[in-house]
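Chemist: Structure supplied as protein_32.txt; contents: compact mmCIF, C-alpha atoms.
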# COMPACT_ATOMS: atom_id res chain seq x y z
CA MET A 12 172.23 128.08 179.13
CA ASN A 13 170.03 125.85 177.04
CA LYS A 14 173.09 124.07 175.76
CA ASN A 15 174.36 123.52 179.30
CA LEU A 16 171.01 122.11 180.35
CA ASN A 17 171.26 119.76 177.41
CA VAL A 18 174.70 118.66 178.56
CA LEU A 19 173.32 118.02 182.03
CA ILE A 20 170.42 115.88 180.83
CA ASN A 21 172.70 114.15 178.39
CA GLY A 22 174.77 112.80 181.26
CA ILE A 23 171.78 111.64 183.25
CA ILE A 24 169.73 109.98 180.52
CA ARG A 25 170.90 109.93 176.90
CA GLU A 26 174.53 109.16 177.71
CA ASN A 27 174.18 107.73 181.19
CA PRO A 28 177.75 106.56 181.91
CA LEU A 29 176.73 103.23 183.38
CA LEU A 30 173.56 102.25 181.55
CA VAL A 31 174.29 103.63 178.07
CA LEU A 32 178.05 104.22 177.76
CA LEU A 33 178.80 101.15 179.90
CA LEU A 34 181.73 102.87 181.63
CA GLY A 35 182.89 102.36 185.20
CA MET A 36 181.61 98.79 185.43
CA CYS A 37 184.10 97.63 188.04
CA PRO A 38 183.01 99.92 190.90
CA ALA A 39 179.41 99.61 189.76
CA LEU A 40 179.41 95.85 190.20
CA ALA A 41 181.63 95.64 193.23
CA THR A 42 180.32 98.36 195.53
CA THR A 43 176.58 98.10 195.02
CA SER A 44 175.85 95.36 197.53
CA SER A 45 173.60 97.86 199.30
CA ALA A 46 171.85 101.05 198.30
CA ILE A 47 173.85 103.23 200.66
CA ASN A 48 177.18 101.85 199.38
CA GLY A 49 176.14 102.43 195.79
CA MET A 50 175.03 105.95 196.52
CA SER A 51 178.20 106.87 198.40
CA MET A 52 180.37 105.47 195.63
CA GLY A 53 178.32 107.47 193.10
CA LEU A 54 178.63 110.67 195.09
CA ALA A 55 182.38 110.21 195.58
CA THR A 56 182.79 109.69 191.84
CA MET A 57 180.58 112.72 191.15
CA PHE A 58 182.78 114.90 193.37
CA VAL A 59 185.92 113.74 191.56
CA LEU A 60 184.25 114.15 188.18
CA ILE A 61 183.13 117.74 188.81
CA CYS A 62 186.50 118.81 190.25
CA SER A 63 188.59 117.13 187.56
CA ASN A 64 186.35 118.40 184.75
CA THR A 65 186.62 121.96 186.07
CA VAL A 66 190.39 121.93 186.53
CA ILE A 67 191.11 120.14 183.26
CA SER A 68 188.88 122.51 181.34
CA LEU A 69 190.66 125.47 182.96
CA LEU A 70 194.07 124.08 182.07
CA LYS A 71 193.19 122.70 178.66
CA ASN A 72 195.34 125.21 176.77
CA MET A 73 198.28 124.84 179.11
CA ILE A 74 198.59 121.08 178.69
CA PRO A 75 200.41 120.07 175.51
CA ASP A 76 198.59 117.32 173.63
CA MET A 77 201.33 114.74 173.90
CA VAL A 78 201.33 114.74 177.72
CA ARG A 79 197.62 115.25 178.25
CA ILE A 80 196.87 111.74 179.57
CA PRO A 81 199.52 111.78 182.34
CA ALA A 82 198.47 115.30 183.24
CA PHE A 83 194.80 114.28 183.48
CA ILE A 84 195.65 111.23 185.56
CA VAL A 85 197.70 113.29 188.01
CA ILE A 86 194.86 115.77 188.44
CA ILE A 87 192.26 113.04 188.86
CA ALA A 88 194.47 111.12 191.30
CA ALA A 89 194.90 114.27 193.36
CA PHE A 90 191.17 114.70 193.82
CA VAL A 91 190.66 111.02 194.58
CA THR A 92 193.37 111.13 197.24
CA ILE A 93 191.80 114.24 198.73
CA ILE A 94 188.37 112.64 198.98
CA GLU A 95 189.89 109.47 200.41
CA MET A 96 191.63 111.40 203.16
CA LEU A 97 188.49 113.40 203.88
CA MET A 98 186.37 110.26 204.10
CA ASN A 99 188.86 108.55 206.40
CA ALA A 100 188.83 111.59 208.63
CA PHE A 101 185.13 112.37 208.81
CA VAL A 102 183.15 109.27 207.80
CA PRO A 103 185.45 106.35 208.77
CA ALA A 104 182.61 103.80 208.75
CA LEU A 105 181.79 104.59 205.14
CA ALA A 106 185.47 104.59 204.17
CA ASP A 107 185.72 101.11 205.69
CA SER A 108 182.83 99.72 203.71
CA LEU A 109 183.94 101.18 200.36
CA GLY A 110 187.51 100.20 201.10
CA LEU A 111 189.70 99.71 198.07
CA PHE A 112 187.18 101.17 195.64
CA ILE A 113 187.80 104.80 196.56
CA PRO A 114 191.42 104.79 195.32
CA LEU A 115 190.18 102.90 192.26
CA ILE A 116 188.11 105.93 191.16
CA VAL A 117 191.40 107.08 189.62
CA VAL A 118 191.10 104.45 186.93
CA ASN A 119 187.34 104.76 186.51
CA CYS A 120 186.86 105.12 182.77
CA THR A 121 184.03 107.59 183.28
CA VAL A 122 186.31 110.17 184.86
CA LEU A 123 189.17 109.95 182.37
CA GLY A 124 186.72 109.53 179.51
CA ARG A 125 184.92 112.77 180.34
CA ALA A 126 188.21 114.61 180.82
CA GLU A 127 189.43 113.45 177.43
CA SER A 128 186.26 113.71 175.39
CA PHE A 129 184.52 116.65 176.99
CA ALA A 130 186.44 118.82 179.48
CA SER A 131 189.52 119.19 177.31
CA ARG A 132 187.39 120.52 174.44
CA ASN A 133 184.71 122.62 176.06
CA SER A 134 184.32 125.72 178.22
CA VAL A 135 184.64 125.56 181.98
CA LEU A 136 180.95 126.12 182.57
CA SER A 137 179.75 123.35 180.28
CA SER A 138 182.42 121.06 181.72
CA VAL A 139 181.02 121.65 185.19
CA PHE A 140 177.54 120.85 183.90
CA ASP A 141 178.88 117.75 182.22
CA GLY A 142 180.52 116.69 185.49
CA VAL A 143 177.30 117.22 187.42
CA GLY A 144 175.20 115.43 184.80
CA MET A 145 177.53 112.46 184.36
CA GLY A 146 178.14 112.20 188.10
CA PHE A 147 174.44 112.38 188.86
CA GLY A 148 173.64 109.82 186.18
CA PHE A 149 176.28 107.49 187.61
CA THR A 150 174.99 108.03 191.16
CA ILE A 151 171.39 107.30 190.16
CA ALA A 152 172.39 104.15 188.31
CA LEU A 153 174.53 102.91 191.20
CA THR A 154 171.89 103.70 193.80
CA LEU A 155 169.23 101.91 191.75
CA LEU A 156 171.48 98.91 191.26
CA GLY A 157 172.36 98.84 194.96
CA ALA A 158 168.75 99.26 196.07
CA LEU A 159 167.50 96.44 193.82
CA ARG A 160 170.25 94.09 194.94
CA GLU A 161 169.68 94.93 198.59
CA LEU A 162 165.92 94.48 198.21
CA MET A 163 166.11 91.15 196.44
CA GLY A 164 169.01 89.87 198.49
CA THR A 165 168.11 90.88 202.02
CA GLY A 166 164.62 92.38 201.86
CA LYS A 167 165.80 95.83 202.82
CA ILE A 168 166.30 99.18 201.12
CA PHE A 169 168.67 101.63 202.81
CA SER A 170 168.59 99.16 205.75
CA LEU A 171 164.82 99.62 206.10
CA ASN A 172 162.99 96.32 206.30
CA ILE A 173 160.60 95.73 203.41
CA TYR A 174 160.09 91.99 203.84
CA PRO A 175 161.69 89.34 206.10
CA GLU A 176 165.28 88.53 205.29
CA GLN A 177 164.82 84.77 204.89
CA PHE A 178 162.73 85.30 201.73
CA GLY A 179 165.58 87.17 200.08
CA SER A 180 167.82 85.41 197.63
CA LEU A 181 171.43 85.79 198.65
CA ILE A 182 172.74 85.57 195.11
CA PHE A 183 171.74 89.18 194.50
CA VAL A 184 174.11 90.43 197.17
CA LEU A 185 176.94 88.38 195.69
CA ALA A 186 178.83 89.03 192.47
CA PRO A 187 176.59 87.04 190.07
CA GLY A 188 173.57 89.02 191.27
CA ALA A 189 175.35 92.22 190.32
CA PHE A 190 175.73 91.05 186.73
CA ILE A 191 172.14 89.82 186.53
CA VAL A 192 170.61 93.02 187.92
CA LEU A 193 172.87 95.24 185.84
CA GLY A 194 172.00 93.28 182.69
CA TYR A 195 168.28 93.69 183.27
CA LEU A 196 168.67 97.36 184.16
CA ILE A 197 170.52 98.04 180.90
CA ALA A 198 167.91 96.08 178.93
CA ILE A 199 165.03 97.99 180.49
CA PHE A 200 166.81 101.30 180.00
CA ASN A 201 167.48 100.54 176.33
CA LYS A 202 163.89 99.53 175.69
CA PHE A 203 162.66 102.72 177.30
CA GLN A 204 165.16 104.85 175.36
CA ASN A 205 164.41 103.30 172.00
CA LYS A 206 160.74 103.94 172.48
CA ALA A 207 161.42 107.57 173.34
CA SER A 208 163.57 108.07 170.26
CA THR A 209 161.17 106.48 167.75
CA ASN A 210 158.08 108.29 168.98
CA MET B 10 195.34 131.77 174.87
CA ALA B 11 196.40 129.40 172.17
CA LYS B 12 197.09 125.79 172.97
CA LEU B 13 200.69 125.06 173.92
CA LYS B 14 202.69 123.14 171.33
CA SER B 15 204.04 119.74 172.30
CA THR B 16 207.69 120.78 172.41
CA PHE B 17 209.94 119.13 174.93
CA ILE B 18 210.27 122.20 177.14
CA ASN B 19 206.53 122.84 177.14
CA MET B 20 205.71 119.29 178.08
CA PHE B 21 208.37 119.29 180.77
CA LEU B 22 207.22 122.56 182.31
CA SER B 23 203.52 121.83 182.18
CA LEU B 24 203.81 118.39 183.76
CA SER B 25 206.24 119.63 186.41
CA ILE B 26 204.00 122.51 187.37
CA ILE B 27 200.94 120.27 187.58
CA CYS B 28 202.77 117.69 189.69
CA LEU B 29 204.22 120.28 192.04
CA THR B 30 200.85 121.96 192.57
CA VAL B 31 199.19 118.62 193.19
CA ALA B 32 201.90 117.54 195.64
CA PHE B 33 201.59 120.79 197.51
CA SER B 34 197.80 120.64 197.82
CA LEU B 35 197.88 116.99 198.87
CA ALA B 36 200.39 117.83 201.59
CA GLN B 37 198.04 120.53 202.84
CA VAL B 38 195.01 118.22 202.94
CA ASN B 39 197.08 115.52 204.60
CA LYS B 40 198.10 117.97 207.30
CA MET B 41 194.48 118.97 207.80
CA THR B 42 193.14 115.43 208.06
CA LEU B 43 195.97 113.82 210.02
CA LYS B 44 194.46 114.62 213.41
CA PRO B 45 190.84 113.69 212.63
CA ILE B 46 191.98 110.38 211.10
CA ALA B 47 194.04 109.53 214.17
CA GLU B 48 191.14 110.50 216.42
CA ALA B 49 188.67 108.40 214.44
CA LYS B 50 191.00 105.40 214.70
CA ALA B 51 191.54 105.86 218.43
CA LEU B 52 187.80 106.22 218.97
CA LYS B 53 187.13 103.02 217.05
CA LEU B 54 189.66 101.15 219.18
CA GLN B 55 188.24 102.62 222.39
CA THR B 56 184.68 101.66 221.47
CA ALA B 57 185.75 98.15 220.54
CA ILE B 58 187.53 97.68 223.87
CA GLY B 59 184.56 99.14 225.75
CA GLU B 60 182.29 96.61 224.04
CA VAL B 61 184.27 93.51 224.92
CA VAL B 62 185.31 93.86 228.57
CA PRO B 63 183.37 94.45 231.81
CA GLU B 64 183.04 98.01 233.02
CA PHE B 65 186.39 99.63 233.71
CA ASP B 66 187.83 102.97 234.75
CA ASN B 67 191.38 102.91 233.44
CA ASP B 68 192.80 103.67 230.04
CA PRO B 69 193.42 100.25 228.44
CA VAL B 70 195.02 101.74 225.33
CA ALA B 71 197.69 103.49 227.37
CA GLU B 72 198.35 100.32 229.39
CA SER B 73 198.38 97.94 226.47
CA TYR B 74 201.26 95.50 226.06
CA MET B 75 202.31 92.75 223.68
CA ILE B 76 202.18 89.06 224.40
CA ALA B 77 203.71 86.30 222.33
CA SER B 78 201.42 83.89 220.56
CA GLU B 79 202.16 80.56 218.96
CA GLY B 80 203.44 80.92 215.45
CA GLY B 81 205.85 83.63 216.43
CA ASP B 82 203.75 86.76 216.15
CA SER B 83 202.54 88.81 219.05
CA LEU B 84 199.13 90.10 220.08
CA LEU B 85 198.20 93.39 221.71
CA VAL B 86 196.49 93.09 225.09
CA TYR B 87 194.43 95.87 226.59
CA PRO B 88 193.95 95.25 230.31
CA ALA B 89 190.79 96.67 231.92
CA THR B 90 190.90 97.54 235.59
CA LYS B 91 188.29 98.95 237.94
CA ASP B 92 189.40 100.57 241.21
CA GLY B 93 192.86 99.20 240.63
CA GLU B 94 191.68 95.62 240.24
CA VAL B 95 191.92 93.81 236.92
CA VAL B 96 188.46 92.89 235.64
CA GLY B 97 189.25 91.63 232.16
CA PHE B 98 191.43 91.72 229.11
CA ALA B 99 190.65 92.81 225.58
CA ILE B 100 192.92 91.14 223.06
CA SER B 101 193.22 92.07 219.45
CA SER B 102 193.71 88.96 217.39
CA SER B 103 193.57 87.98 213.74
CA SER B 104 193.50 85.03 211.39
CA SER B 105 193.14 84.61 207.70
CA GLY B 106 189.59 84.05 206.55
CA PHE B 107 187.85 83.22 203.31
CA SER B 108 189.14 86.38 201.67
CA GLY B 109 191.81 88.30 203.47
CA GLU B 110 192.57 88.80 207.10
CA ILE B 111 189.93 88.91 209.82
CA GLN B 112 190.82 91.17 212.72
CA ILE B 113 188.85 90.86 215.92
CA MET B 114 188.85 92.29 219.42
CA ILE B 115 187.94 89.67 221.97
CA GLY B 116 187.38 90.19 225.68
CA PHE B 117 187.90 87.69 228.52
CA ASP B 118 186.93 88.18 232.15
CA MET B 119 188.99 86.86 235.05
CA ASP B 120 187.20 83.47 234.94
CA ASP B 121 188.38 82.87 231.36
CA LYS B 122 184.85 83.46 230.05
CA ILE B 123 184.29 85.32 226.81
CA VAL B 124 182.62 88.63 227.58
CA ASN B 125 182.06 89.85 224.04
CA TYR B 126 183.82 90.30 220.73
CA GLU B 127 183.93 92.87 217.99
CA ILE B 128 185.04 92.54 214.38
CA LEU B 129 187.61 95.22 213.62
CA GLN B 130 188.27 94.48 209.99
CA HIS B 131 187.35 91.83 207.48
CA ALA B 132 186.82 91.28 203.76
CA GLU B 133 184.46 88.32 203.94
CA THR B 134 181.62 87.79 201.48
CA PRO B 135 178.81 90.27 202.15
CA GLY B 136 175.67 88.47 203.28
CA LEU B 137 177.52 85.27 204.17
CA GLY B 138 180.78 85.50 206.09
CA SER B 139 180.11 89.12 207.01
CA LYS B 140 177.37 87.90 209.35
CA MET B 141 180.02 86.92 211.89
CA GLY B 142 179.57 90.32 213.53
CA GLU B 143 176.18 89.20 214.88
CA TRP B 144 176.10 85.42 214.43
CA PHE B 145 178.37 84.44 217.34
CA LYS B 146 176.56 86.88 219.64
CA ASP B 147 173.08 85.47 219.02
CA MET B 148 171.88 85.07 222.60
CA GLU B 149 168.76 83.15 221.56
CA SER B 150 170.79 80.23 220.36
CA ASN B 151 173.30 78.63 222.70
CA SER B 152 175.03 76.69 219.98
CA LYS B 153 175.71 79.81 217.91
CA SER B 154 176.75 82.20 220.62
CA ILE B 155 180.25 82.14 222.02
CA ILE B 156 179.46 84.77 224.65
CA GLY B 157 179.97 83.48 228.16
CA ARG B 158 181.78 80.35 227.07
CA ASP B 159 184.43 79.17 229.49
CA MET B 160 187.63 78.93 227.48
CA SER B 161 189.49 77.03 230.20
CA LEU B 162 187.33 74.00 229.27
CA GLY B 163 188.99 73.83 225.88
CA THR B 164 189.29 75.75 222.65
CA LEU B 165 186.34 76.38 220.38
CA ALA B 166 185.58 74.59 217.14
CA VAL B 167 182.66 74.43 214.72
CA THR B 168 180.33 71.43 214.84
CA ASN B 169 181.72 70.11 211.53
CA ASP B 170 185.08 69.74 213.23
CA GLY B 171 183.58 68.09 216.28
CA GLY B 172 183.22 71.31 218.26
CA SER B 173 180.20 72.86 219.85
CA VAL B 174 179.78 76.10 217.91
CA ASP B 175 177.33 76.28 215.01
CA ALA B 176 179.11 77.64 211.94
CA ILE B 177 177.51 80.41 209.90
CA THR B 178 175.30 78.85 207.24
CA ALA B 179 177.34 78.47 204.03
CA SER B 180 180.39 80.09 205.63
CA THR B 181 182.24 77.36 207.46
CA ILE B 182 185.63 78.69 206.40
CA THR B 183 184.89 82.12 207.81
CA SER B 184 183.52 80.58 211.01
CA ARG B 185 186.61 78.43 211.40
CA ALA B 186 188.87 81.42 210.85
CA PHE B 187 186.93 83.46 213.36
CA LEU B 188 187.18 80.75 216.04
CA ASN B 189 190.87 80.35 215.23
CA ALA B 190 191.38 84.00 216.02
CA VAL B 191 189.50 83.57 219.31
CA ASN B 192 191.49 80.47 220.23
CA LYS B 193 194.76 82.15 219.31
CA ALA B 194 193.92 85.05 221.60
CA TYR B 195 193.00 82.74 224.46
CA ILE B 196 196.05 80.51 224.13
CA ALA B 197 198.37 83.49 224.07
CA TYR B 198 196.49 85.03 226.99
CA SER B 199 196.56 81.93 229.17
CA GLY B 200 200.20 81.41 228.29
CA SER B 201 201.08 84.87 229.49
CA LYS B 202 199.02 84.30 232.65
CA LEU B 203 201.04 81.19 233.46
CA ASP B 204 204.17 83.26 233.02
CA SER B 205 203.06 85.75 235.60
CA TYR B 206 201.98 82.98 238.02
CA SER B 207 205.36 81.38 237.77
CA GLY B 208 206.89 84.61 238.95
CA ALA B 209 208.00 86.19 235.73
CA THR B 210 207.49 89.90 235.89
CA THR B 211 205.37 91.42 233.15
CA ASP B 212 207.00 94.00 231.00
CA ASP B 213 206.34 97.45 232.32
CA ASP B 214 207.04 99.50 229.24
CA THR B 215 203.64 100.20 227.82
CA GLU B 216 203.06 100.61 224.18
CA ASN B 217 201.08 103.43 222.71
CA ASN B 218 199.53 103.23 219.31
Let me see whether you can do it: turn the structure in this file into structure tokens.
Modeler:
Amino acid sequence: MNKNLNVLINGIIRENPLLVLLLGMCPALATTSSAINGMSMGLATMFVLICSNTVISLLKNMIPDMVRIPAFIVIIAAFVTIIEMLMNAFVPALADSLGLFIPLIVVNCTVLGRAESFASRNSVLSSVFDGVGMGFGFTIALTLLGALRELMGTGKIFSLNIYPEQFGSLIFVLAPGAFIVLGYLIAIFNKFQNKASTN
Amino acid sequence: MAKLKSTFINMFLSLSIICLTVAFSLAQVNKMTLKPIAEAKALKLQTAIGEVVPEFDNDPVAESYMIASEGGDSLLVYPATKDGEVVGFAISSSSSGFSGEIQIMIGFDMDDKIVNYEILQHAETPGLGSKMGEWFKDMESNSKSIIGRDMSLGTLAVTNDGGSVDAITASTITSRAFLNAVNKAYIAYSGSKLDSYSGATTDDDTENN
């Protein structure tokens, strides 16, 4: 149990997929124009990550090494398609705003990376914990990124007014703002982590 | 269970089984979500039509028909009637914007005035072009709002092009595209009206989406 807890925390902090491993940059930059978009993208990825980790870990002995990548991709793509259909059916507004980025979860390096480096080598239970931890870490990072961009760009967080919109700087909602905020987030995270490891 | 060796037959079987299982489960989910997705789409269309025309009591979707527009394509028209009398038309129109196609639903009343509009789909820059959903409805500013404008006086254009509509700040291309879509809808609509005045019968076969 202790080991699983370690795996969980690993995903959220020590090996945070976005801020430490620098995986999944494309959706992270493109979908985080608002906090709610970032969070939904994170949660969708987390769902896919948990499901694919579980299934791949279950099947790890039945998939011959030489075809493991196509097998993983098929399994991941299946879950992504399922969540896309579910979102279209039950939360169409959200599906509209995330648009193309839901199908693109298939090629998110975080998902395939975890399947390859963790789920295919570990027990089902720790793979689930890894999926939860990595997914949660990704969600937190995306929500934070989205919230900061929304706050600095439009003066809102989760559509709640913090300060009047005209004082916001539009660049943060646009693509360059994503790079700037992400850069600072990574820098702050690294500083904080280094301190923790030297003390 | 030991790990399967990468022999041809093993690889073939394992991939085939995975693909078949996946295909089967996707088919199941697709079956499950087909109805809710169709309902969500229909609801979206209904709400958009309800927003852009005066109060009505018919089913505009069931009575919709196509009209020809310049450039060869055709637009869908949703007529709104109350107590059997036509009160307005919702027209779904589109044009290509700054990034990708902008799809709008625009409503005219019988005096050729714009009742309201609704953006159905767009991929404009968030924070700039994406403001078009509210910008052209801003009732506090006459030069921004297109609501209530009489289209029979002429088509709309942004002030940069000598028109009377204020473009969205830093999004002139989007604004132009949006007004193009509005103009396209009106031109097609007035064209079809002339047809019916001149005695041509409108097509009775209604189209259902």
Chemist: Quick one: pull the distance between atom CA of Gly53 of chain A and atom CA of Leu153 of chain A, Å, one decimal.
Modeler: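 Pair atom CA of Gly53 of chain A / atom CA of Leu153 of chain A returns 6.2 Å.
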Chemist: Taking (187.5, 104.0, 231.0) as a centre in this file's frame and 10 Å as the limit, can you find every polymer residue with an atom that close, using only C-alpha atoms, and give them as a CSV table (one decimal) with C-alpha atoms, in the coordinates of the input?
Modeler:
chain,number,residue,atom,x,y,z
B,55,GLN,CA,188.2,102.6,222.4
B,58,ILE,CA,187.5,97.7,223.9
B,59,GLY,CA,184.6,99.1,225.8
B,64,GLU,CA,183.0,98.0,233.0
B,65,PHE,CA,186.4,99.6,233.7
B,66,ASP,CA,187.8,103.0,234.8
B,67,ASN,CA,191.4,102.9,233.4
B,68,ASP,CA,192.8,103.7,230.0
B,69,PRO,CA,193.4,100.2,228.4
B,70,VAL,CA,195.0,101.7,225.3
B,89,ALA,CA,190.8,96.7,231.9
B,90,THR,CA,190.9,97.5,235.6
B,91,LYS,CA,188.3,99.0,237.9
Chemist: Counting only C-alpha atoms, what is within 8 Å of Ile74 of chain A, bar same-chain residues fewer than 2 positions away, as a list in words?
Modeler: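 Here the answer would be Leu70, Lys71, Asn72, Asp76, Val78, Arg79 and Ala82 of chain A; Lys12, Leu13, Met20, Ser23 and Leu24 of chain B.
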Chemist: What's the 8 Å shell around segment 85-89 of chain A, counting all atoms listed in the file, without same-chain residues fewer than 3 positions away, as a list in words?
Modeler: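 Selected residues are Val59, Ser63, Val66, Ile67, Pro81, Ala82, Thr92, Ile93, Val117, Val122 and Leu123 of chain A; Ile27, Cys28, Val31 and Leu35 of chain B.
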Chemist: Since we have the selection now, will you write its residues out, keeping C-alpha atoms, as an mmCIF file, keeping the file's coordinate frame?
Modeler:
data_model
loop_
_atom_site.group_PDB
_atom_site.id
_atom_site.type_symbol
_atom_site.label_atom_id
_atom_site.label_comp_id
_atom_site.auth_asym_id
_atom_site.auth_seq_id
_atom_site.Cartn_x
_atom_site.Cartn_y
_atom_site.Cartn_z
ATOM 1 C CA VAL A 59 185.920 113.740 191.560
ATOM 2 C CA SER A 63 188.590 117.130 187.560
ATOM 3 C CA VAL A 66 190.390 121.930 186.530
ATOM 4 C CA ILE A 67 191.110 120.140 183.260
ATOM 5 C CA PRO A 81 199.520 111.780 182.340
ATOM 6 C CA ALA A 82 198.470 115.300 183.240
ATOM 7 C CA THR A 92 193.370 111.130 197.240
ATOM 8 C CA ILE A 93 191.800 114.240 198.730
ATOM 9 C CA VAL A 117 191.400 107.080 189.620
ATOM 10 C CA VAL A 122 186.310 110.170 184.860
ATOM 11 C CA LEU A 123 189.170 109.950 182.370
ATOM 12 C CA ILE B 27 200.940 120.270 187.580
ATOM 13 C CA CYS B 28 202.770 117.690 189.690
ATOM 14 C CA VAL B 31 199.190 118.620 193.190
ATOM 15 C CA LEU B 35 197.880 116.990 198.870
#
Chemist: I need the chain A residues near chain B as a VMD selection string; criterion: at most 6 Å, counting all atoms listed in the file.
Modeler: chain A and resid 72 to 73 75 77 99 to 100
